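File shown here: work_39.pdb, holding PDB, C-alpha atoms.
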ATOM      1  CA  MET P   1     141.985  72.089  66.822
ATOM      2  CA  ASN P   2     140.682  72.636  63.299
ATOM      3  CA  ARG P   3     138.078  75.196  62.282
ATOM      4  CA  TRP P   4     135.140  72.731  62.297
ATOM      5  CA  GLU P   5     136.056  71.425  65.704
ATOM      6  CA  ARG P   6     136.114  75.001  67.126
ATOM      7  CA  LYS P   7     132.750  75.833  65.581
ATOM      8  CA  TRP P   8     131.286  72.616  66.948
ATOM      9  CA  ARG P   9     132.533  73.413  70.476
ATOM     10  CA  ILE P  10     131.082  76.945  70.309
ATOM     11  CA  ALA P  11     127.749  75.494  69.176
ATOM     12  CA  VAL P  12     127.736  73.068  72.129
ATOM     13  CA  VAL P  13     128.461  75.905  74.582
ATOM     14  CA  VAL P  14     125.652  78.031  73.091
ATOM     15  CA  VAL P  15     123.194  75.124  73.288
ATOM     16  CA  LEU P  16     124.153  74.448  76.920
ATOM     17  CA  VAL P  17     123.757  78.108  77.897
ATOM     18  CA  VAL P  18     120.325  78.289  76.236
ATOM     19  CA  TRP P  19     119.290  75.003  77.835
ATOM     20  CA  PHE P  20     120.337  76.044  81.359
ATOM     21  CA  SER P  21     118.707  79.482  80.999
ATOM     22  CA  THR P  22     115.443  77.918  79.841
ATOM     23  CA  ALA P  23     115.522  75.369  82.668
ATOM     24  CA  ALA P  24     116.159  78.101  85.245
ATOM     25  CA  TRP P  25     113.324  80.238  83.864
ATOM     26  CA  LEU P  26     110.909  77.294  83.798
ATOM     27  CA  THR P  27     111.826  76.289  87.361
ATOM     28  CA  GLN P  28     111.156  79.831  88.571
ATOM     29  CA  ALA P  29     107.871  80.064  86.655
ATOM     30  CA  TYR P  30     106.632  76.709  87.995
ATOM     31  CA  ALA P  31     107.689  77.589  91.546
ATOM     32  CA  GLN P  32     105.696  80.817  91.249
ATOM     33  CA  ALA P  33     102.655  79.060  89.799
ATOM     34  CA  LEU P  34     102.715  76.273  92.378
ATOM     35  CA  ALA P  35     103.373  78.483  95.404
ATOM     36  CA  PRO P  36     100.614  77.806  97.932
ATOM     37  CA  ALA P  37      98.051  80.580  98.250
ATOM     38  CA  PRO P  38      97.971  82.177 101.711
ATOM     39  CA  ALA P  39      95.517  80.466 104.034
ATOM     40  CA  PRO P  40      92.193  82.348 103.973
ATOM     41  CA  ALA P  41      90.945  84.290 106.975
ATOM     42  CA  SER P  42      87.789  82.174 106.885
ATOM     43  CA  SER P  43      89.815  79.226 108.193
ATOM     44  CA  LEU P  44      90.366  81.007 111.525
ATOM     45  CA  PRO P  45      88.288  79.487 114.343
ATOM     46  CA  ALA P  46      85.621  81.747 115.840
ATOM     47  CA  SER P  47      87.346  81.552 119.234
ATOM     48  CA  GLU P  48      90.286  83.515 117.803
ATOM     49  CA  LEU P  49      88.158  86.369 116.469
ATOM     50  CA  ILE P  50      86.957  89.610 118.006
ATOM     51  CA  ASN P  51      84.143  91.717 116.529
ATOM     52  CA  PRO P  52      84.578  95.456 115.983
ATOM     53  CA  GLU P  53      81.939  96.351 118.598
ATOM     54  CA  ASP P  54      83.633  94.131 121.189
ATOM     55  CA  LEU P  55      87.046  95.625 120.462
ATOM     56  CA  VAL P  56      85.605  99.126 120.875
ATOM     57  CA  LYS P  57      84.243  98.084 124.272
ATOM     58  CA  VAL P  58      87.675  96.771 125.293
ATOM     59  CA  LEU P  59      89.330 100.001 124.158
ATOM     60  CA  GLU P  60      86.803 102.186 125.947
ATOM     61  CA  ALA P  61      86.732 100.205 129.185
ATOM     62  CA  SER P  62      88.377 101.906 132.111
ATOM     63  CA  THR P  63      89.756  98.609 133.358
ATOM     64  CA  GLY P  64      91.347  95.564 131.810
ATOM     65  CA  GLU P  65      94.395  95.054 129.656
ATOM     66  CA  LYS P  66      94.559  97.132 126.493
ATOM     67  CA  PRO P  67      95.710  95.146 123.492
ATOM     68  CA  LEU P  68      98.612  95.902 121.225
ATOM     69  CA  MET P  69      96.905  96.364 117.858
ATOM     70  CA  LEU P  70      98.854  95.502 114.736
ATOM     71  CA  GLN P  71      97.738  96.393 111.215
ATOM     72  CA  VAL P  72      98.971  93.798 108.729
ATOM     73  CA  GLY P  73      97.636  95.422 105.556
ATOM     74  CA  SER P  74      98.797  98.045 103.119
ATOM     75  CA  HIS P  75     100.530 101.199 104.323
ATOM     76  CA  VAL P  76      98.531 103.329 101.877
ATOM     77  CA  LEU P  77      95.355 102.177 103.614
ATOM     78  CA  PHE P  78      96.882 102.585 107.084
ATOM     79  CA  ALA P  79      97.886 106.167 106.295
ATOM     80  CA  GLN P  80      94.286 106.997 105.359
ATOM     81  CA  ALA P  81      92.716 105.515 108.476
ATOM     82  CA  HIS P  82      93.636 103.158 111.268
ATOM     83  CA  ILE P  83      92.565 102.338 114.802
ATOM     84  CA  PRO P  84      94.086 104.929 117.156
ATOM     85  CA  GLY P  85      97.139 103.533 118.858
ATOM     86  CA  SER P  86      97.544 100.658 116.415
ATOM     87  CA  GLU P  87     100.915 100.010 114.843
ATOM     88  CA  TYR P  88     101.726  99.367 111.207
ATOM     89  CA  VAL P  89     103.414  96.076 110.397
ATOM     90  CA  GLY P  90     102.470  95.598 106.743
ATOM     91  CA  PRO P  91     101.318  92.659 104.635
ATOM     92  CA  VAL P  92     102.608  89.251 105.713
ATOM     93  CA  THR P  93     102.027  87.339 102.500
ATOM     94  CA  SER P  94     105.786  87.024 101.965
ATOM     95  CA  GLU P  95     108.581  85.720 104.172
ATOM     96  CA  VAL P  96     109.944  89.278 104.381
ATOM     97  CA  GLY P  97     106.607  90.467 105.767
ATOM     98  CA  LEU P  98     106.479  87.629 108.295
ATOM     99  CA  GLN P  99     110.013  88.435 109.460
ATOM    100  CA  GLN P 100     108.936  92.036 109.940
ATOM    101  CA  LEU P 101     106.016  90.874 112.113
ATOM    102  CA  ARG P 102     108.251  88.549 114.166
ATOM    103  CA  ARG P 103     110.772  91.337 114.762
ATOM    104  CA  HIS P 104     107.964  93.691 115.811
ATOM    105  CA  VAL P 105     106.779  91.441 118.638
ATOM    106  CA  ASP P 106     109.882  89.450 119.484
ATOM    107  CA  SER P 107     110.684  91.272 122.714
ATOM    108  CA  LEU P 108     107.135  91.093 124.095
ATOM    109  CA  PRO P 109     105.962  88.735 126.822
ATOM    110  CA  ARG P 110     104.139  85.782 125.272
ATOM    111  CA  LYS P 111     101.021  86.533 127.337
ATOM    112  CA  LYS P 112     100.656  89.998 125.788
ATOM    113  CA  PHE P 113      97.161  90.690 124.453
ATOM    114  CA  ILE P 114      97.536  91.310 120.709
ATOM    115  CA  VAL P 115      94.835  92.172 118.170
ATOM    116  CA  LEU P 116      95.633  91.716 114.485
ATOM    117  CA  TYR P 117      93.644  93.459 111.794
ATOM    118  CA  CYS P 118      93.743  94.188 108.080
ATOM    119  CA  GLY P 119      90.456  95.068 106.343
ATOM    120  CA  CYS P 120      91.936  95.485 102.888
ATOM    121  CA  CYS P 121      89.511  93.024 101.273
ATOM    122  CA  PRO P 122      86.364  91.111 102.180
ATOM    123  CA  TRP P 123      87.042  88.627 105.009
ATOM    124  CA  ASN P 124      87.168  85.468 102.911
ATOM    125  CA  HIS P 125      89.722  87.096 100.581
ATOM    126  CA  CYS P 126      92.042  88.616 103.181
ATOM    127  CA  PRO P 127      95.501  87.139 102.562
ATOM    128  CA  ASN P 128      97.119  88.586 105.691
ATOM    129  CA  VAL P 129      95.390  87.844 108.970
ATOM    130  CA  LYS P 130      95.641  84.047 108.974
ATOM    131  CA  PRO P 131      99.403  83.901 108.252
ATOM    132  CA  ALA P 132      99.952  86.645 110.856
ATOM    133  CA  ASP P 133      97.907  84.748 113.453
ATOM    134  CA  ASP P 134      99.768  81.511 112.667
ATOM    135  CA  ALA P 135     103.129  83.267 113.010
ATOM    136  CA  LEU P 136     102.321  84.747 116.421
ATOM    137  CA  ARG P 137     100.983  81.459 117.761
ATOM    138  CA  ALA P 138     104.073  79.656 116.465
ATOM    139  CA  MET P 139     106.141  82.149 118.466
ATOM    140  CA  GLY P 140     104.246  81.161 121.592
ATOM    141  CA  PHE P 141     101.828  84.085 121.944
ATOM    142  CA  THR P 142      98.764  82.832 123.784
ATOM    143  CA  HIS P 143      96.428  85.839 123.828
ATOM    144  CA  VAL P 144      95.976  86.783 120.170
ATOM    145  CA  LYS P 145      92.708  87.864 118.583
ATOM    146  CA  VAL P 146      91.966  88.745 114.974
ATOM    147  CA  LEU P 147      89.554  91.579 114.276
ATOM    148  CA  TYR P 148      86.695  90.245 112.170
ATOM    149  CA  ILE P 149      86.194  92.726 109.339
ATOM    150  CA  ALA P 150      83.486  91.341 107.063
ATOM    151  CA  THR P 151      83.682  93.728 104.113
ATOM    152  CA  ASN P 152      86.558  96.158 104.587
ATOM    153  CA  PHE P 153      87.929  98.601 107.135
ATOM    154  CA  GLY P 154      85.995 101.482 105.584
ATOM    155  CA  ALA P 155      82.604  99.792 105.765
ATOM    156  CA  ASP P 156      83.000  97.874 109.018
ATOM    157  CA  TRP P 157      84.931 100.358 111.119
ATOM    158  CA  VAL P 158      85.108 103.889 109.702
ATOM    159  CA  ALA P 159      81.520 104.066 108.418
ATOM    160  CA  LYS P 160      80.241 102.822 111.786
ATOM    161  CA  GLY P 161      81.762 105.796 113.518
ATOM    162  CA  TYR P 162      84.368 103.882 115.482
ATOM    163  CA  PRO P 163      87.463 105.888 116.403
ATOM    164  CA  VAL P 164      90.016 106.397 113.661
ATOM    165  CA  GLU P 165      93.242 108.210 113.231
ATOM    166  CA  LYS P 166      95.212 108.874 110.090
ATOM    167  CA  GLY P 167      98.827 109.411 109.261
ATOM    168  CA  GLU P 168     101.971 107.353 109.507
TER
ATOM    169  CA  MET E   1      92.275 127.995 144.459
ATOM    170  CA  ARG E   2      88.978 126.870 142.963
ATOM    171  CA  ARG E   3      89.381 129.342 140.099
ATOM    172  CA  VAL E   4      92.851 127.966 139.365
ATOM    173  CA  LEU E   5      91.432 124.450 139.253
ATOM    174  CA  VAL E   6      88.635 125.480 136.852
ATOM    175  CA  ILE E   7      91.008 127.345 134.541
ATOM    176  CA  GLY E   8      93.492 124.465 134.671
ATOM    177  CA  SER E   9      90.804 121.924 133.805
ATOM    178  CA  ALA E  10      89.521 124.101 130.952
ATOM    179  CA  LEU E  11      93.044 124.387 129.562
ATOM    180  CA  ILE E  12      93.605 120.633 129.754
ATOM    181  CA  LEU E  13      90.244 119.949 128.089
ATOM    182  CA  GLY E  14      91.025 122.503 125.392
ATOM    183  CA  LEU E  15      94.402 120.948 124.675
ATOM    184  CA  ALA E  16      92.878 117.462 124.625
ATOM    185  CA  GLY E  17      90.231 118.668 122.189
ATOM    186  CA  PHE E  18      92.891 120.209 119.968
ATOM    187  CA  TYR E  19      94.891 116.953 120.045
ATOM    188  CA  VAL E  20      91.859 114.880 119.114
ATOM    189  CA  GLY E  21      90.963 117.346 116.390
ATOM    190  CA  VAL E  22      94.412 117.109 114.877
ATOM    191  CA  HIS E  23      94.826 113.355 115.172
ATOM    192  CA  GLN E  24      91.325 112.109 114.530
ATOM    193  CA  ARG E  25      90.319 114.180 111.554
ATOM    194  CA  SER E  26      87.469 112.727 109.571
ATOM    195  CA  ILE E  27      88.229 110.788 106.449
ATOM    196  CA  GLY E  28      87.668 112.710 103.195
ATOM    197  CA  SER E  29      84.035 112.962 102.144
ATOM    198  CA  ALA E  30      83.132 110.837  99.157
ATOM    199  CA  PRO E  31      82.592 112.678  95.862
ATOM    200  CA  GLN E  32      78.936 112.422  94.893
ATOM    201  CA  ARG E  33      77.363 111.371  91.618
ATOM    202  CA  ASN E  34      77.698 114.078  88.943
ATOM    203  CA  SER E  35      80.340 115.893  90.957
ATOM    204  CA  PRO E  36      83.701 116.451  89.263
ATOM    205  CA  ALA E  37      86.098 113.558  89.722
ATOM    206  CA  PRO E  38      88.994 114.882  91.811
ATOM    207  CA  ASP E  39      91.879 115.574  89.466
ATOM    208  CA  PHE E  40      95.276 114.062  90.153
ATOM    209  CA  SER E  41      98.705 113.759  88.690
ATOM    210  CA  LEU E  42     100.402 110.509  89.672
ATOM    211  CA  PRO E  43     103.419 108.580  88.377
ATOM    212  CA  ASP E  44     102.792 105.590  86.142
ATOM    213  CA  LEU E  45     104.941 102.466  86.253
ATOM    214  CA  ASN E  46     107.569 104.134  84.071
ATOM    215  CA  GLY E  47     107.735 107.180  86.307
ATOM    216  CA  ARG E  48     105.860 109.386  83.838
ATOM    217  CA  SER E  49     103.170 111.612  85.227
ATOM    218  CA  LEU E  50      99.558 110.820  84.338
ATOM    219  CA  GLN E  51      96.948 113.533  84.803
ATOM    220  CA  LEU E  52      93.292 112.558  85.008
ATOM    221  CA  SER E  53      92.065 115.833  83.493
ATOM    222  CA  SER E  54      93.989 115.100  80.287
ATOM    223  CA  TYR E  55      91.427 112.330  79.674
ATOM    224  CA  ARG E  56      88.576 114.835  79.341
ATOM    225  CA  GLY E  57      86.434 113.798  76.359
ATOM    226  CA  LYS E  58      86.903 110.105  77.156
ATOM    227  CA  VAL E  59      84.840 107.816  79.360
ATOM    228  CA  VAL E  60      87.180 106.798  82.171
ATOM    229  CA  LEU E  61      86.983 103.731  84.382
ATOM    230  CA  LEU E  62      89.154 104.497  87.392
ATOM    231  CA  ASP E  63      89.989 101.258  89.174
ATOM    232  CA  PHE E  64      91.563 101.329  92.639
ATOM    233  CA  TRP E  65      93.248  97.960  93.161
ATOM    234  CA  ALA E  66      96.317  96.197  94.501
ATOM    235  CA  THR E  67      98.322  93.157  93.522
ATOM    236  CA  TRP E  68      97.668  91.404  96.856
ATOM    237  CA  CYS E  69      93.896  91.855  96.586
ATOM    238  CA  THR E  70      92.347  88.624  95.293
ATOM    239  CA  PRO E  71      89.048  90.119  94.030
ATOM    240  CA  CYS E  72      91.110  92.763  92.199
ATOM    241  CA  GLN E  73      93.233  90.076  90.559
ATOM    242  CA  GLU E  74      90.108  88.310  89.366
ATOM    243  CA  GLU E  75      88.762  91.515  87.815
ATOM    244  CA  ILE E  76      91.887  92.455  85.853
ATOM    245  CA  PRO E  77      91.477  90.043  82.882
ATOM    246  CA  HIS E  78      87.905  91.304  82.448
ATOM    247  CA  LEU E  79      89.084  94.915  82.507
ATOM    248  CA  VAL E  80      91.733  94.090  79.885
ATOM    249  CA  GLU E  81      88.976  92.641  77.732
ATOM    250  CA  LEU E  82      86.733  95.659  78.334
ATOM    251  CA  GLN E  83      89.536  98.022  77.339
ATOM    252  CA  ASN E  84      90.105  96.036  74.141
ATOM    253  CA  SER E  85      86.430  96.076  73.253
ATOM    254  CA  TYR E  86      85.695  99.765  73.833
ATOM    255  CA  ARG E  87      88.957 101.661  73.336
ATOM    256  CA  GLY E  88      87.872 102.608  69.820
ATOM    257  CA  TRP E  89      84.642 104.078  71.209
ATOM    258  CA  GLY E  90      86.407 106.260  73.728
ATOM    259  CA  LEU E  91      86.897 104.174  76.887
ATOM    260  CA  GLU E  92      90.094 104.606  78.857
ATOM    261  CA  ILE E  93      90.701 102.484  81.927
ATOM    262  CA  ILE E  94      93.166 103.812  84.499
ATOM    263  CA  GLY E  95      94.351 101.565  87.298
ATOM    264  CA  VAL E  96      95.356 103.177  90.582
ATOM    265  CA  SER E  97      97.502 100.720  92.476
ATOM    266  CA  MET E  98      97.369 100.995  96.254
ATOM    267  CA  ASP E  99     100.407  98.758  96.652
ATOM    268  CA  ASP E 100     103.154 100.119  98.858
ATOM    269  CA  SER E 101     105.775  99.861  96.102
ATOM    270  CA  ALA E 102     105.811  99.662  92.302
ATOM    271  CA  ASP E 103     107.931  96.491  91.954
ATOM    272  CA  PRO E 104     105.166  93.900  92.431
ATOM    273  CA  VAL E 105     102.870  96.030  90.264
ATOM    274  CA  ARG E 106     105.333  95.989  87.333
ATOM    275  CA  GLU E 107     105.645  92.213  87.585
ATOM    276  CA  PHE E 108     101.857  91.840  87.800
ATOM    277  CA  TYR E 109     101.363  94.212  84.836
ATOM    278  CA  GLN E 110     103.538  92.004  82.625
ATOM    279  CA  ARG E 111     102.094  88.727  83.866
ATOM    280  CA  PHE E 112      98.477  89.801  83.296
ATOM    281  CA  ARG E 113      99.325  91.593  80.024
ATOM    282  CA  MET E 114      97.545  94.710  81.174
ATOM    283  CA  ASN E 115      96.719  97.079  78.335
ATOM    284  CA  TYR E 116      95.878 100.287  80.199
ATOM    285  CA  PRO E 117      97.962 102.671  82.311
ATOM    286  CA  VAL E 118      98.497 102.027  86.004
ATOM    287  CA  VAL E 119      99.563 104.780  88.387
ATOM    288  CA  MET E 120     100.823 104.433  91.926
ATOM    289  CA  GLY E 121      98.226 105.744  94.374
ATOM    290  CA  ASN E 122      98.767 107.172  97.820
ATOM    291  CA  ALA E 123      96.808 108.075 100.922
ATOM    292  CA  GLU E 124      96.024 111.571  99.615
ATOM    293  CA  ILE E 125      94.302 110.364  96.469
ATOM    294  CA  GLY E 126      92.454 107.761  98.537
ATOM    295  CA  GLU E 127      91.111 110.476 100.815
ATOM    296  CA  ARG E 128      90.149 112.739  97.916
ATOM    297  CA  TYR E 129      88.021 109.909  96.568
ATOM    298  CA  GLY E 130      86.248 109.507  99.886
ATOM    299  CA  GLY E 131      88.631 107.041 101.518
ATOM    300  CA  VAL E 132      89.779 103.975  99.660
ATOM    301  CA  LEU E 133      89.656 101.710 102.703
ATOM    302  CA  GLY E 134      88.991  98.447 100.984
ATOM    303  CA  LEU E 135      89.583  97.163  97.496
ATOM    304  CA  PRO E 136      88.626  97.108  94.728
ATOM    305  CA  ILE E 137      86.728 100.353  94.192
ATOM    306  CA  ALA E 138      85.858 101.551  90.703
ATOM    307  CA  PHE E 139      84.636 104.967  89.581
ATOM    308  CA  VAL E 140      83.002 105.392  86.189
ATOM    309  CA  ILE E 141      83.634 108.932  84.935
ATOM    310  CA  ASP E 142      81.846 110.606  82.016
ATOM    311  CA  ARG E 143      83.374 112.538  79.140
ATOM    312  CA  ASP E 144      83.040 115.791  81.105
ATOM    313  CA  GLY E 145      85.044 114.418  84.004
ATOM    314  CA  ARG E 146      82.044 113.884  86.275
ATOM    315  CA  ILE E 147      81.469 110.831  88.430
ATOM    316  CA  TYR E 148      78.718 108.649  87.029
ATOM    317  CA  LYS E 149      78.935 105.569  89.269
ATOM    318  CA  LYS E 150      80.974 104.185  92.124
ATOM    319  CA  HIS E 151      81.288 100.447  92.641
ATOM    320  CA  ILE E 152      82.645  99.115  95.924
ATOM    321  CA  GLY E 153      84.040  95.591  96.030
ATOM    322  CA  ALA E 154      84.268  92.997  93.308
ATOM    323  CA  THR E 155      81.891  94.050  90.546
ATOM    324  CA  ASP E 156      80.675  91.881  87.729
ATOM    325  CA  VAL E 157      82.151  93.091  84.471
ATOM    326  CA  SER E 158      78.676  93.161  82.900
ATOM    327  CA  VAL E 159      77.720  95.923  85.374
ATOM    328  CA  LEU E 160      80.786  97.970  84.455
ATOM    329  CA  GLU E 161      80.181  97.338  80.771
ATOM    330  CA  ARG E 162      76.583  98.557  81.066
ATOM    331  CA  ASP E 163      77.741 101.818  82.705
ATOM    332  CA  VAL E 164      80.439 102.310  80.099
ATOM    333  CA  LYS E 165      78.028 101.689  77.222
ATOM    334  CA  GLU E 166      75.518 104.149  78.677
ATOM    335  CA  LEU E 167      78.145 106.870  78.840
ATOM    336  CA  LEU E 168      79.666 106.098  75.458
ATOM    337  CA  ALA E 169      76.203 106.368  73.882
ATOM    338  CA  ARG E 170      75.698 109.927  75.140
TER
END
Output the file's structure as structure tokens, nothing else.
Amino acid sequence: MNRWERKWRIAVVVVLVVWFSTAAWLTQAYAQALAPAPAPASSLPASELINPEDLVKVLEASTGEKPLMLQVGSHVLFAQAHIPGSEYVGPVTSEVGLQQLRRHVDSLPRKKFIVLYCGCCPWNHCPNVKPADDALRAMGFTHVKVLYIATNFGADWVAKGYPVEKGE
Amino acid sequence: MRRVLVIGSALILGLAGFYVGVHQRSIGSAPQRNSPAPDFSLPDLNGRSLQLSSYRGKVVLLDFWATWCTPCQEEIPHLVELQNSYRGWGLEIIGVSMDDSADPVREFYQRFRMNYPVVMGNAEIGERYGGVLGLPIAFVIDRDGRIYKKHIGATDVSVLERDVKELLAR
């Protein structure tokens, strides 16, 4: 192989490497840009919602099944204030988050009363509750309600004097 | 026997009260207008510590946000623009991310070409600012480190700009 032939081969390899790297980067960027936005909470039917005042009544009632309450928002917000007895699951906007939610409830009977809540953002912007609700229903849970938090957890729960607890 | 029952009940009630007191403490009270903005020292995205009090003499827009918060995302390009327009006059925007980890924040910072520091917030700083229990929340702080305005929820940039201009003109 003469000198020109070697240089030519090196040039081809360099071009191929650059081409493949660019293609990989573009594929990733497009995949990110085209990823579907999480379904909005506003697409949840009213029959699947529970209002804060109604949930408080359920929690305070001396009879009836108490729900398992799962917070599917940020841990920083949960640590500041959450509904007493509720459990932290975390955001479910990614597959990792959804897996976490599935693991959390996997061993429960499918008739278990579950209340999901977030309250990180105004209702029509919440990215978490709809995917969480969809995931539980897909698993066969039949008694799931989503807490309707119009503005945020601070305004619609804490400021109204409903019971709160803080910490992990 | 009756006395034992009364004392026993009182003890149980006392313990229950103590438990409730410990576990259901009230959320931090919100700092009022003209009160000093609670100081903090928090790590930025490079792990360096950022102290709010070192910004004394500047007008500070303290923006509590998170990458997963859609209204926050919509505000960021406007804040970048605001920082560009008024940095020379003494405006410093500080983002306090309430994300659970810094990784998505770093990626977001690059993607949105953010031009102001972002620190990682925590529950303690949220409580000191009156409970950051919904996002976004912005505090406009004057050159003396006092709270001038608090804006809850998505706020039109023209409102923030008006506050900033008022303080910069002082």
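In chain E, the set of residues within 8 Å of chain P (atoms considered: all atoms listed in the file) is His23, Gln24, Arg25, Ser26, Ile27, Trp68, Cys69, Thr70, Pro71, Met98, Asp99, Asp100, Gly121, Asn122, Ala123, Glu124, Gly126, Glu127, Gly131, Val132, Leu133, Gly134, Leu135, Pro136 and Gly153 of chain E.
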Could you give me the centre and size, in Å to one decimal, of an axis-aligned box around all listed atoms of stretch 94-101 of chain E with 3 Å added on every side, as JSON?
{"center_x": 99.5, "center_y": 101.3, "center_z": 91.7, "size_x": 18.6, "size_y": 11.1, "size_z": 20.4}
message: Between atom CA of P:Val72 and atom CA of E:Met120, what is the distance in Å, rounded to a tenth?
response: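 Between these atoms lies a distance of 20.0 Å.
If only C-alpha atoms are the atoms counted, then among E:Asp163, E:Tyr116, E:Val157, E:Phe139 the closest residue to E:Gln32 is E:Phe139.
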field: Distance of atom CA of E:Gly90 from atom CA of E:Ala169, expressed in Å to one decimal place
entry: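 A separation of 10.2 Å between them.
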message: To test your reading of the syntax: which residues would the PyMOL selection byres ((chain E and resi 36-39) around 12) return for the file shown? Reply as a ChimeraX atom specification.
response: /E:28-35,40-42,50-56,59-62,124-130,139-150
- request: To verify the selection step, state as a ChimeraX atom specification which residues the PyMOL selection byres ((chain E and resi 47) around 12) yields on this input.
  value: /E:41-46,48-50,102,106,117-120
field: Test item: residues at most 12 Å from P:Val92, all atoms listed in the file, excluding those fewer than 4 positions along its chain, as a ChimeraX atom specification
entry: /P:38-39,70-74,88,96-102,116-118,126-136 /E:68
- request: Please identify all polymer residues lying at most 8 Å from the point (89.3, 92.3, 114.5) (file coordinates), using all atoms listed in the file, and present the result as a list in words.
  value: Leu49, Ile50, Asn51, Pro52, Leu55, Val115, Leu116, Tyr117, Lys145, Val146, Leu147, Tyr148 and Ile149 of chain P
- request: State, in Å with one decimal place, the distance from atom CA of E:Gly95 to atom CA of E:Phe64.
  value: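 Taking atom CA of E:Gly95 as the start and atom CA of E:Phe64 as the end point, the length is 6.0 Å.
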- request: Find the residue from E:Ile76, E:Met114, E:Ala138, E:Leu160 that sits nearest to E:Asp63; use only C-alpha atoms when measuring.
  value: E:Ala138
For the file shown, report as a short mmCIF file (atom, residue, chain, number, x, y, z; two decimals) with C-alpha atoms, keeping the file's coordinate frame the outcome of the PyMOL selection byres ((chain P and resi 110) around 12) at residue level.
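Output contents, as saved in expr-v3.cif:
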data_model
loop_
_atom_site.label_atom_id
_atom_site.label_comp_id
_atom_site.auth_asym_id
_atom_site.auth_seq_id
_atom_site.Cartn_x
_atom_site.Cartn_y
_atom_site.Cartn_z
CA VAL P 105 106.78 91.44 118.64
CA ASP P 106 109.88 89.45 119.48
CA SER P 107 110.68 91.27 122.71
CA LEU P 108 107.14 91.09 124.10
CA PRO P 109 105.96 88.74 126.82
CA LYS P 111 101.02 86.53 127.34
CA LYS P 112 100.66 90.00 125.79
CA PHE P 113 97.16 90.69 124.45
CA ILE P 114 97.54 91.31 120.71
CA LEU P 136 102.32 84.75 116.42
CA ARG P 137 100.98 81.46 117.76
CA ALA P 138 104.07 79.66 116.46
CA MET P 139 106.14 82.15 118.47
CA GLY P 140 104.25 81.16 121.59
CA PHE P 141 101.83 84.08 121.94
CA THR P 142 98.76 82.83 123.78
CA HIS P 143 96.43 85.84 123.83
CA VAL P 144 95.98 86.78 120.17
#
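Proximity ranking of E:Leu79, E:Ala66, E:Val96, E:Leu168 relative to E:Thr155 places E:Leu79 first, based on all atoms listed in the file.
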